[in-house]
file my_file_38.txt (compact mmCIF, C-alpha atoms and all ligand atoms)
# COMPACT_ATOMS: atom_id res chain seq x y z
CA MET N 1 97.98 72.08 -27.52
CA ASP N 2 95.10 71.65 -25.14
CA THR N 3 93.55 68.19 -25.20
CA VAL N 4 91.53 68.19 -21.98
CA GLU N 5 87.86 67.23 -22.35
CA THR N 6 85.38 69.82 -21.05
CA ASP N 7 82.61 69.15 -18.59
CA ALA N 8 83.87 65.58 -18.23
CA ALA N 9 82.71 65.13 -14.66
CA GLU N 10 80.28 66.53 -12.13
CA MET N 11 81.45 69.87 -10.82
CA MET N 12 82.49 70.39 -7.23
CA GLY N 13 80.18 72.08 -4.74
CA MET N 14 76.65 71.77 -3.42
CA PRO N 15 74.03 74.27 -4.53
CA TYR N 16 73.96 77.26 -2.16
CA VAL N 17 70.67 77.25 -0.23
CA SER N 18 69.79 80.08 2.14
CA ILE N 19 66.15 79.13 2.71
CA GLY N 20 65.27 76.96 5.73
CA SER N 21 62.56 76.20 8.27
CA GLU N 22 62.30 79.83 9.44
CA GLU N 23 61.17 80.89 5.97
CA HIS N 24 58.73 77.96 5.75
CA ASN N 25 57.26 78.97 9.14
CA ALA N 26 56.98 82.61 8.09
CA THR N 27 54.86 81.76 5.06
CA GLY N 28 52.63 79.56 7.27
CA LEU N 29 52.19 82.43 9.72
CA LEU N 30 50.69 84.48 6.92
CA PHE N 31 47.49 82.55 7.33
CA VAL N 32 47.23 83.15 11.06
CA GLY N 33 45.13 86.06 12.27
CA ASP N 34 44.14 87.70 9.00
CA PRO N 35 42.03 85.26 7.03
CA GLU N 36 40.54 88.06 4.94
CA ARG N 37 43.46 89.14 2.80
CA PRO N 38 46.62 87.30 3.77
CA LEU N 39 48.26 87.22 0.36
CA SER N 40 48.29 90.91 -0.54
CA GLY N 41 47.90 94.04 1.54
CA TYR N 42 46.72 96.04 -1.41
CA LEU N 43 43.35 97.73 -1.39
CA ALA N 44 42.40 100.11 -4.20
CA GLY N 45 44.02 103.49 -3.71
CA LYS N 46 46.28 102.26 -0.89
CA GLU N 47 49.97 102.23 -1.66
CA ARG N 48 51.40 100.32 1.26
CA GLY N 49 51.59 96.55 1.01
CA GLY N 50 50.50 93.94 3.54
CA ARG N 51 52.02 93.40 6.95
CA TYR N 52 55.04 91.43 5.73
CA VAL N 53 55.72 93.95 2.94
CA GLN N 54 55.58 96.77 5.49
CA ALA N 55 57.76 94.86 7.96
CA LEU N 56 60.29 94.14 5.19
CA GLU N 57 60.40 97.78 4.12
CA GLU N 58 60.86 99.01 7.69
CA LYS N 59 63.60 96.50 8.42
CA TRP N 60 65.32 97.28 5.09
CA GLN N 61 65.32 101.00 5.94
CA GLU N 62 66.95 100.26 9.26
CA ALA N 63 69.46 97.71 7.90
CA PHE N 64 70.64 99.93 5.03
CA SER N 65 70.24 103.28 6.89
CA VAL N 66 67.95 104.78 4.26
CA LYS N 67 64.81 106.90 4.64
CA HIS N 68 62.63 104.86 2.27
CA ALA N 69 62.65 101.24 1.12
CA ILE N 70 59.95 100.16 -1.32
CA ALA N 71 59.44 96.50 -2.11
CA CYS N 72 58.55 95.33 -5.61
CA ASN N 73 58.46 92.05 -7.51
CA SER N 74 61.98 92.14 -9.06
CA ALA N 75 65.01 94.37 -9.46
CA THR N 76 64.01 94.73 -13.12
CA SER N 77 60.68 96.22 -11.97
CA GLY N 78 62.53 98.40 -9.49
CA LEU N 79 64.87 99.72 -12.18
CA MET N 80 61.89 100.49 -14.41
CA ALA N 81 60.06 102.28 -11.58
CA ALA N 82 63.29 104.20 -10.86
CA ALA N 83 63.60 105.27 -14.49
CA PHE N 84 60.02 106.60 -14.52
CA ALA N 85 60.48 108.25 -11.11
CA ALA N 86 63.65 109.93 -12.41
CA GLY N 87 61.60 111.46 -15.23
CA LEU N 88 63.07 109.63 -18.24
CA ARG N 89 60.96 110.14 -21.37
CA PRO N 90 61.05 109.29 -25.09
CA GLY N 91 63.85 111.28 -26.69
CA HIS N 92 65.98 111.23 -23.51
CA ARG N 93 69.25 109.39 -23.31
CA PHE N 94 70.69 107.63 -20.27
CA LEU N 95 74.20 106.39 -19.57
CA CYS N 96 74.80 102.82 -18.41
CA PRO N 97 77.68 100.35 -18.52
CA ALA N 98 78.09 98.08 -21.55
CA MET N 99 79.04 95.25 -19.22
CA THR N 100 76.13 94.57 -16.89
CA MET N 101 73.05 92.36 -16.76
CA SER N 102 70.63 93.31 -19.52
CA ALA N 103 67.95 94.64 -17.13
CA THR N 104 70.13 97.64 -16.23
CA ALA N 105 69.54 98.93 -19.77
CA ALA N 106 66.27 97.23 -20.70
CA ALA N 107 64.25 98.53 -17.73
CA PRO N 108 64.89 102.26 -18.37
CA MET N 109 64.29 101.72 -22.11
CA MET N 110 60.65 101.02 -21.18
CA THR N 111 60.29 104.81 -20.70
CA GLY N 112 61.16 105.31 -24.39
CA ALA N 113 64.61 106.69 -23.49
CA THR N 114 67.67 105.21 -25.19
CA PRO N 115 70.98 104.01 -23.75
CA ILE N 116 74.50 105.28 -24.23
CA PHE N 117 76.74 102.37 -23.36
CA GLY N 118 79.89 103.34 -21.49
CA ASP N 119 83.01 101.23 -21.07
CA VAL N 120 83.98 99.71 -17.74
CA SER N 121 87.01 99.80 -15.52
CA ARG N 122 89.34 96.90 -16.30
CA ASP N 123 89.88 96.20 -12.61
CA TYR N 124 86.46 96.87 -11.10
CA TYR N 125 84.00 96.16 -13.95
CA ALA N 126 82.07 99.40 -13.31
CA LEU N 127 81.24 102.43 -15.45
CA ARG N 128 84.38 104.53 -15.84
CA PRO N 129 84.21 108.22 -14.81
CA GLU N 130 85.64 109.19 -18.23
CA TRP N 131 82.20 108.38 -19.62
CA ALA N 132 80.44 111.02 -17.54
CA THR N 133 78.60 113.27 -19.97
CA SER N 134 75.94 115.87 -19.26
CA ASP N 135 74.34 114.86 -22.54
CA VAL N 136 72.19 112.35 -20.62
CA LYS N 137 69.10 112.65 -18.41
CA ALA N 138 70.07 109.86 -16.00
CA VAL N 139 73.04 107.67 -15.11
CA PHE N 140 72.72 103.98 -14.21
CA LEU N 141 75.71 102.62 -12.31
CA THR N 142 76.07 98.86 -11.62
CA HIS N 143 78.16 97.45 -8.79
CA LEU N 144 78.99 94.29 -10.70
CA PHE N 145 79.99 90.99 -9.06
CA GLY N 146 79.57 92.44 -5.55
CA ILE N 147 82.42 94.94 -5.94
CA ALA N 148 81.39 98.31 -4.49
CA PHE N 149 82.68 100.90 -6.94
CA ASP N 150 82.96 104.67 -6.45
CA GLU N 151 79.27 105.53 -6.08
CA SER N 152 80.21 108.72 -4.19
CA TRP N 153 82.14 110.03 -7.18
CA TRP N 154 79.23 109.40 -9.51
CA ALA N 155 76.74 110.83 -6.99
CA GLY N 156 78.82 114.03 -6.71
CA TRP N 157 79.17 114.40 -10.46
CA CYS N 158 75.47 113.75 -11.03
CA ARG N 159 74.49 116.26 -8.35
CA GLN N 160 76.70 118.93 -9.92
CA ASN N 161 75.08 118.29 -13.27
CA ASN N 162 71.55 117.89 -11.92
CA ILE N 163 71.28 114.36 -13.31
CA PRO N 164 69.71 111.57 -11.24
CA LEU N 165 71.96 108.62 -10.35
CA ILE N 166 70.27 105.25 -10.22
CA VAL N 167 72.35 102.45 -8.80
CA ASP N 168 71.91 98.82 -9.74
CA ALA N 169 73.01 97.08 -6.54
CA ALA N 170 71.35 93.77 -7.48
CA GLN N 171 74.59 91.83 -6.97
CA SER N 172 75.93 93.86 -4.06
CA PRO N 173 73.74 93.87 -0.95
CA PHE N 174 75.72 95.15 2.05
CA ALA N 175 78.86 95.82 0.02
CA LYS N 176 80.44 98.92 1.53
CA GLU N 177 81.76 101.79 -0.48
CA ALA N 178 85.19 103.09 0.58
CA ARG N 179 84.79 106.85 0.36
CA SER N 180 81.56 107.25 2.31
CA ASP N 181 81.50 104.10 4.47
CA ARG N 182 77.91 103.66 3.27
CA TYR N 183 76.34 100.64 1.64
CA ALA N 184 76.48 100.37 -2.13
CA GLY N 185 73.16 101.49 -3.59
CA THR N 186 72.39 103.99 -0.81
CA ILE N 187 74.42 106.99 -2.02
CA GLY N 188 72.87 107.73 -5.41
CA ASP N 189 69.33 109.04 -5.78
CA ILE N 190 67.76 105.58 -6.03
CA GLY N 191 69.33 102.18 -5.34
CA VAL N 192 67.80 98.93 -6.56
CA PHE N 193 68.38 95.49 -5.03
CA SER N 194 67.38 92.04 -6.26
CA LEU N 195 65.90 89.22 -4.21
CA ASN N 196 65.89 86.66 -7.00
CA VAL N 197 66.81 83.07 -6.37
CA HIS N 198 70.52 83.29 -7.17
CA LYS N 199 71.36 86.20 -4.89
CA HIS N 200 73.06 86.22 -1.45
CA PHE N 201 69.61 86.17 0.14
CA HIS N 202 66.32 85.97 -1.68
CA CYS N 203 62.60 85.24 -1.82
CA GLY N 204 62.42 83.50 -5.21
CA GLU N 205 61.72 86.71 -7.10
CA GLY N 206 61.69 90.18 -5.61
CA GLY N 207 63.29 93.59 -5.49
CA VAL N 208 63.66 96.61 -3.22
CA CYS N 209 64.20 100.26 -4.19
CA VAL N 210 65.79 102.65 -1.69
CA THR N 211 65.97 106.43 -1.62
CA ASP N 212 66.37 109.26 0.87
CA SER N 213 64.12 111.53 -1.20
CA ASP N 214 60.45 111.84 -0.16
CA ASP N 215 59.56 112.95 -3.68
CA LEU N 216 61.25 109.99 -5.41
CA ALA N 217 59.81 107.58 -2.84
CA ALA N 218 56.29 108.82 -3.60
CA LYS N 219 56.89 108.44 -7.34
CA LEU N 220 58.38 104.95 -6.94
CA ARG N 221 55.52 103.83 -4.75
CA ALA N 222 52.99 105.22 -7.20
CA PHE N 223 54.57 103.43 -10.17
CA ILE N 224 54.85 100.16 -8.28
CA ASN N 225 51.06 100.41 -7.70
CA HIS N 226 48.79 101.91 -10.37
CA ALA N 227 49.24 105.62 -9.74
CA GLU N 228 46.12 106.69 -11.59
CA HIS N 229 45.04 108.95 -8.70
CA VAL N 230 48.37 110.50 -7.87
CA ALA N 231 50.97 110.78 -10.61
CA GLU N 232 51.33 111.72 -14.23
CA ASN N 233 52.83 108.31 -14.99
CA ILE N 234 50.49 105.43 -14.60
CA GLY N 235 51.86 102.43 -12.70
CA LEU N 236 51.96 98.79 -13.60
CA ASN N 237 51.30 96.83 -10.38
CA LEU N 238 54.81 95.67 -9.65
CA ARG N 239 53.98 94.93 -6.02
CA MET N 240 55.66 92.25 -3.96
CA PRO N 241 53.12 89.66 -2.79
CA GLU N 242 52.93 88.76 0.89
CA VAL N 243 54.29 85.22 0.43
CA CYS N 244 57.51 86.60 -1.06
CA ALA N 245 57.65 89.36 1.56
CA ALA N 246 57.35 86.79 4.36
CA ILE N 247 60.39 84.97 2.97
CA ALA N 248 62.29 88.18 2.21
CA TYR N 249 61.66 89.59 5.69
CA THR N 250 62.89 86.38 7.31
CA GLN N 251 65.95 86.29 5.04
CA LEU N 252 66.73 89.94 5.78
CA ARG N 253 66.85 89.21 9.51
CA LYS N 254 69.84 86.94 8.88
CA ALA N 255 71.13 88.62 5.73
CA LYS N 256 74.33 90.04 7.19
CA MET N 257 75.28 86.55 8.39
CA LEU N 258 74.45 85.02 4.97
CA VAL N 259 76.50 87.67 3.18
CA ALA N 260 79.39 87.20 5.62
CA GLN N 261 79.37 83.46 4.88
CA ARG N 262 79.60 84.13 1.14
CA VAL N 263 82.43 86.58 1.73
CA ASP N 264 84.27 84.06 3.92
CA GLN N 265 83.92 81.37 1.26
CA ALA N 266 85.29 83.70 -1.41
CA LEU N 267 88.24 84.73 0.77
CA SER N 268 89.04 81.07 1.53
CA ILE N 269 88.99 80.24 -2.19
CA LEU N 270 91.22 83.21 -3.01
CA GLU N 271 93.62 82.18 -0.25
CA ALA N 272 93.72 78.58 -1.49
CA ILE N 273 94.49 79.78 -5.01
CA GLY N 274 97.17 82.23 -3.86
CA GLU N 275 99.48 83.69 -6.49
CA VAL N 276 99.17 81.92 -9.84
CA PRO N 277 101.31 83.20 -12.72
CA GLY N 278 99.23 84.90 -15.40
CA ILE N 279 96.05 84.99 -13.28
CA ARG N 280 94.74 88.05 -11.50
CA ALA N 281 91.95 87.85 -8.96
CA ALA N 282 89.64 90.86 -8.52
CA ARG N 283 90.75 93.40 -5.97
CA PRO N 284 88.38 95.45 -3.82
CA TYR N 285 88.06 99.01 -5.06
CA ARG N 286 90.25 101.05 -2.69
CA ASP N 287 89.17 100.19 0.89
CA SER N 288 85.67 99.12 -0.10
CA GLN N 289 84.20 95.86 1.19
CA PRO N 290 83.01 93.61 -1.66
CA VAL N 291 80.45 90.87 -1.11
CA HIS N 292 81.72 88.47 -3.81
CA TYR N 293 78.49 87.66 -5.64
CA ILE N 294 80.82 85.93 -8.05
CA ILE N 295 84.62 85.69 -7.93
CA PRO N 296 86.05 87.16 -11.13
CA PHE N 297 89.55 86.42 -12.43
CA GLN N 298 91.49 87.71 -15.39
CA ILE N 299 94.02 85.77 -17.41
CA GLU N 300 96.67 87.25 -19.66
CA GLU N 301 96.22 84.65 -22.41
CA GLY N 302 94.93 81.15 -23.10
CA ARG N 303 91.61 81.48 -21.25
CA GLY N 304 89.87 78.64 -23.09
CA GLY N 305 92.53 76.06 -22.29
CA PHE N 306 92.96 77.21 -18.70
CA CYS N 307 89.22 77.07 -17.99
CA ARG N 308 88.88 73.69 -19.70
CA ARG N 309 91.62 72.34 -17.43
CA LEU N 310 89.79 73.80 -14.39
CA ARG N 311 86.51 72.21 -15.47
CA ALA N 312 88.24 68.90 -16.11
CA ALA N 313 89.33 69.12 -12.46
CA CYS N 314 85.63 69.70 -11.56
CA VAL N 315 86.02 73.42 -10.85
CA PRO N 316 82.91 75.19 -12.24
CA ALA N 317 84.75 77.98 -14.09
CA VAL N 318 82.67 80.13 -16.45
CA GLU N 319 84.28 82.10 -19.30
CA GLY N 320 83.31 85.72 -19.95
CA TYR N 321 80.24 87.40 -18.47
CA GLU N 322 77.47 88.98 -20.59
CA HIS N 323 78.50 90.22 -24.02
CA PRO N 324 78.77 94.01 -24.10
CA LEU N 325 75.05 94.76 -24.33
CA TYR N 326 75.14 96.39 -27.78
CA ARG N 327 76.00 92.97 -29.22
CA PHE N 328 72.50 91.70 -28.33
CA PRO N 329 69.70 92.19 -30.88
CA ALA N 330 67.65 94.22 -28.37
CA PHE N 331 70.39 96.83 -28.00
CA GLY N 332 72.19 96.49 -31.34
CA ARG N 333 71.15 99.87 -32.67
CA PHE N 334 72.71 101.67 -29.69
CA GLY N 335 76.32 100.63 -30.24
CA LYS N 336 78.81 99.01 -32.58
CA PRO N 337 81.87 96.78 -32.29
CA GLY N 338 84.78 98.67 -30.75
CA ASP N 339 82.66 101.15 -28.77
CA CYS N 340 83.69 99.67 -25.42
CA PRO N 341 87.02 97.91 -25.99
CA VAL N 342 87.63 96.99 -22.35
CA ALA N 343 84.22 95.31 -21.95
CA GLU N 344 84.81 93.48 -25.25
CA ASP N 345 88.31 92.33 -24.30
CA LEU N 346 87.20 91.20 -20.83
CA HIS N 347 84.27 89.22 -22.18
CA ASP N 348 86.06 87.76 -25.21
CA ASN N 349 89.52 87.03 -23.83
CA ARG N 350 90.33 87.62 -20.20
CA LEU N 351 87.48 87.32 -17.72
CA PHE N 352 86.38 84.08 -16.11
CA TYR N 353 84.65 83.47 -12.82
CA LEU N 354 83.42 81.14 -10.11
CA GLU N 355 79.80 81.64 -9.14
CA ASN N 356 80.18 82.13 -5.40
CA CYS N 357 76.43 82.58 -4.74
CA ALA N 358 75.57 79.41 -6.63
CA TRP N 359 77.79 76.93 -4.79
CA THR N 360 78.82 75.94 -1.31
CA PHE N 361 82.23 74.27 -1.28
CA SER N 362 83.62 72.14 1.53
CA LYS N 363 87.07 72.90 2.95
CA THR N 364 88.50 69.98 0.98
CA GLU N 365 86.89 71.23 -2.22
CA ILE N 366 88.27 74.73 -1.63
CA GLN N 367 91.74 73.26 -1.29
CA SER N 368 91.18 71.26 -4.50
CA ILE N 369 90.14 74.45 -6.30
CA GLY N 370 93.44 76.05 -5.22
CA ASP N 371 95.40 73.02 -6.41
CA ALA N 372 93.48 72.91 -9.71
CA PHE N 373 94.38 76.55 -10.45
CA LYS N 374 98.07 75.83 -9.83
CA ARG N 375 98.03 72.67 -11.97
CA ALA N 376 96.12 74.39 -14.76
CA ALA N 377 98.74 77.15 -14.84
CA GLU N 378 101.62 74.64 -15.01
CA ALA N 379 100.11 72.61 -17.87
C1 LIG G 401 73.22 93.48 -12.13
C2 LIG G 401 71.81 92.99 -12.17
N1 LIG G 401 70.83 93.88 -12.39
C3 LIG G 401 69.53 93.52 -12.46
C4 LIG G 401 69.17 92.21 -12.30
C5 LIG G 401 67.73 91.83 -12.42
O1 LIG G 401 67.27 91.30 -11.21
P1 LIG G 401 65.84 90.57 -11.12
O2 LIG G 401 66.04 89.17 -11.58
O3 LIG G 401 65.49 90.66 -9.66
O4 LIG G 401 64.91 91.33 -11.96
C6 LIG G 401 70.14 91.24 -12.07
C7 LIG G 401 69.76 89.80 -11.93
O5 LIG G 401 70.53 88.92 -11.79
C8 LIG G 401 71.50 91.64 -12.00
O6 LIG G 401 72.48 90.75 -11.80

call {"tool": "encode", "arguments": {"input": "my_file_38.txt", "output": "structure tokens", "more": "lines below"}}
Ligand SMILES: Cc1ncc(COP(=O)(O)O)c(C=O)c1O
result
Amino acid sequence: MDTVETDAAEMMGMPYVSIGSEEHNATGLLFVGDPERPLSGYLAGKERGGRYVQALEEKWQEAFSVKHAIACNSATSGLMAAAFAAGLRPGHRFLCPAMTMSATAAAPMMTGATPIFGDVSRDYYALRPEWATSDVKAVFLTHLFGIAFDESWWAGWCRQNNIPLIVDAAQSPFAKEARSDRYAGTIGDIGVFSLNVHKHFHCGEGGVCVTDSDDLAAKLRAFINHAEHVAENIGLNLRMPEVCAAIAYTQLRKAKMLVAQRVDQALSILEAIGEVPGIRAARPYRDSQPVHYIIPFQIEEGRGGFCRRLRAACVPAVEGYEHPLYRFPAFGRFGKPGDCPVAEDLHDNRLFYLENCAWTFSKTEIQSIGDAFKRAAEA
């Protein structure tokens, strides 16, 4: 019987902070040289943002090797713009994973289309190819936890079936897909990234959409503005303000280094834990390069007790992820218990994780995490 108290002590780790003096300076520079309109580059009818928004978009295009990058005020906004750009309408259905952050499904529902929730791969937490169905007008694929799944397979299938693929890469900036050697989010028709405060690099709140299609880029840009002059869908002003763009641009300049640091921390933790009976750490999908937004583990049985023992040793272990989305009131009418048994089993019984982008652990703490896993397994 497990008798360990939960949350008995302060958890290990310092909050992960990627913002420093360079970002502070960048926001100050906003006010130099353009006293007229430093906080937004928008003028009626003009769809490009201010100088930092434009600089961010150009640098993002270069960094991710994409033709177009369009900044917006969150990944949720970007997903909604993508859904409108992809032509979703009331009466349409779209496919998305049951296990993902709610915005992957909520944002496209704003078009009036409805979700079909597909089950996820037990090992890689992504939408399984068995769920591919031409009965939908768009597919939303999430690279969850920083694991780059098989975007090329989905892109090929979607192309064959003339269905747009929209990729939620919010948790996976600079993760590399194995098959194409391209970055996750850049292979489908539109990729969407998040710059919110708990990501590898961020600007408080923000998002970026990428695409190689001139047509989709024009539609995205229109929707992120107001679009009344140019498109059949009106837009909602989802623009990124200059203050956020100044921070995002500065973060992007060092983003590969920030991501590499998060990857290094995750690999050190995994090495310290080593082989623990009954516990399976996430593997990269084939030869892909994950970016370890969080570090997921699966346990054969006894998750509650194991995680309580970890937390009692000050390891911030979290049980489950999001419920399969159809369990939430907002999505309840689009699914029922048992629809996605793997997502249900992972959330209810097996999955737990360490939030790698929330904490910075010292070398000593990483060693203690490894020891705590071993002790928790022996108990
Ligand atoms: C997978 C996924 N998609 C979408 C989002 C929404 O991002 P944002 O907060 O930038 O709207 C998040 C946020 O954490 C996410 O993890």

call {"tool": "atom_distance", "arguments": {"input": "my_file_38.txt", "atom1": "CA of Pro341 in chain N", "atom2": "CA of Asp119 in chain N"}}
result
7.2 Å

call {"tool": "closest_atom_pairs", "arguments": {"input": "my_file_38.txt", "of": "range 158-209 of chain N", "to": "range 294-299 of chain N", "cutoff": "12 Å", "atoms": "all atoms listed in the file", "output": "Markdown table"}}
result
| residue | atom | partner | partner_atom | distance |
| --- | --- | --- | --- | --- |
| N:Gln171 | CA | N:Ile294 | CA | 8.6 |
| N:Ser172 | CA | N:Ile294 | CA | 10.1 |
| N:His198 | CA | N:Ile294 | CA | 10.7 |
| N:Lys199 | CA | N:Ile294 | CA | 10.0 |
| N:His200 | CA | N:Ile294 | CA | 10.2 |

call {"tool": "closest_atom_pairs", "arguments": {"input": "my_file_38.txt", "of": "chain N", "to": "ligand LIG 401 (chain G)", "cutoff": "8 Å", "atoms": "all atoms listed in the file", "output": "Markdown table"}}
result
| residue | atom | partner | partner_atom | distance |
| --- | --- | --- | --- | --- |
| N:Asn73 | CA | G:LIG401 | O3 | 7.5 |
| N:Ser74 | CA | G:LIG401 | O3 | 3.9 |
| N:Ala75 | CA | G:LIG401 | O3 | 3.7 |
| N:Thr76 | CA | G:LIG401 | O4 | 3.7 |
| N:Ser77 | CA | G:LIG401 | O4 | 6.5 |
| N:Gly78 | CA | G:LIG401 | O4 | 7.9 |
| N:Leu79 | CA | G:LIG401 | C3 | 7.8 |
| N:Thr100 | CA | G:LIG401 | C1 | 5.7 |
| N:Met101 | CA | G:LIG401 | C1 | 4.8 |
| N:Ser102 | CA | G:LIG401 | C3 | 7.1 |
| N:Ala103 | CA | G:LIG401 | C3 | 5.1 |
| N:Thr104 | CA | G:LIG401 | N1 | 5.4 |
| N:Thr142 | CA | G:LIG401 | C1 | 6.1 |
| N:His143 | CA | G:LIG401 | C1 | 7.2 |
| N:Leu144 | CA | G:LIG401 | C1 | 6.0 |
| N:Phe145 | CA | G:LIG401 | C1 | 7.8 |
| N:Asp168 | CA | G:LIG401 | N1 | 5.7 |
| N:Ala169 | CA | G:LIG401 | C1 | 6.7 |
| N:Ala170 | CA | G:LIG401 | C2 | 4.8 |
| N:Gln171 | CA | G:LIG401 | O6 | 5.4 |
| N:Phe193 | CA | G:LIG401 | O3 | 7.3 |
| N:Ser194 | CA | G:LIG401 | O3 | 4.1 |
| N:Leu195 | CA | G:LIG401 | O3 | 5.7 |
| N:Asn196 | CA | G:LIG401 | O3 | 4.8 |
| N:His198 | CA | G:LIG401 | O5 | 7.3 |
| N:Lys199 | CA | G:LIG401 | O5 | 7.5 |
| N:Glu205 | CA | G:LIG401 | O3 | 6.0 |
| N:Gly206 | CA | G:LIG401 | O3 | 5.6 |
| N:Gly207 | CA | G:LIG401 | O3 | 5.6 |

call {"tool": "closest_residue", "arguments": {"input": "my_file_38.txt", "among": "N:Ala313, N:Val230, N:Gln160, N:Val66", "to": "Ile187 in chain N", "atoms": "all atoms listed in the file"}}
result
N:Val66

call {"tool": "atom_distance", "arguments": {"input": "my_file_38.txt", "atom1": "CA of Arg239 in chain N", "atom2": "CA of Leu258 in chain N"}}
result
25.3 Å

call {"tool": "closest_residue", "arguments": {"input": "my_file_38.txt", "among": "N:Ser288, N:Cys72, N:Pro115, N:Phe174", "to": "Ser152 in chain N", "atoms": "only C-alpha atoms"}}
result
N:Ser288

call {"tool": "atom_distance", "arguments": {"input": "my_file_38.txt", "atom1": "CA of Glu57 in chain N", "atom2": "CA of Gly28 in chain N"}}
result
20.1 Å
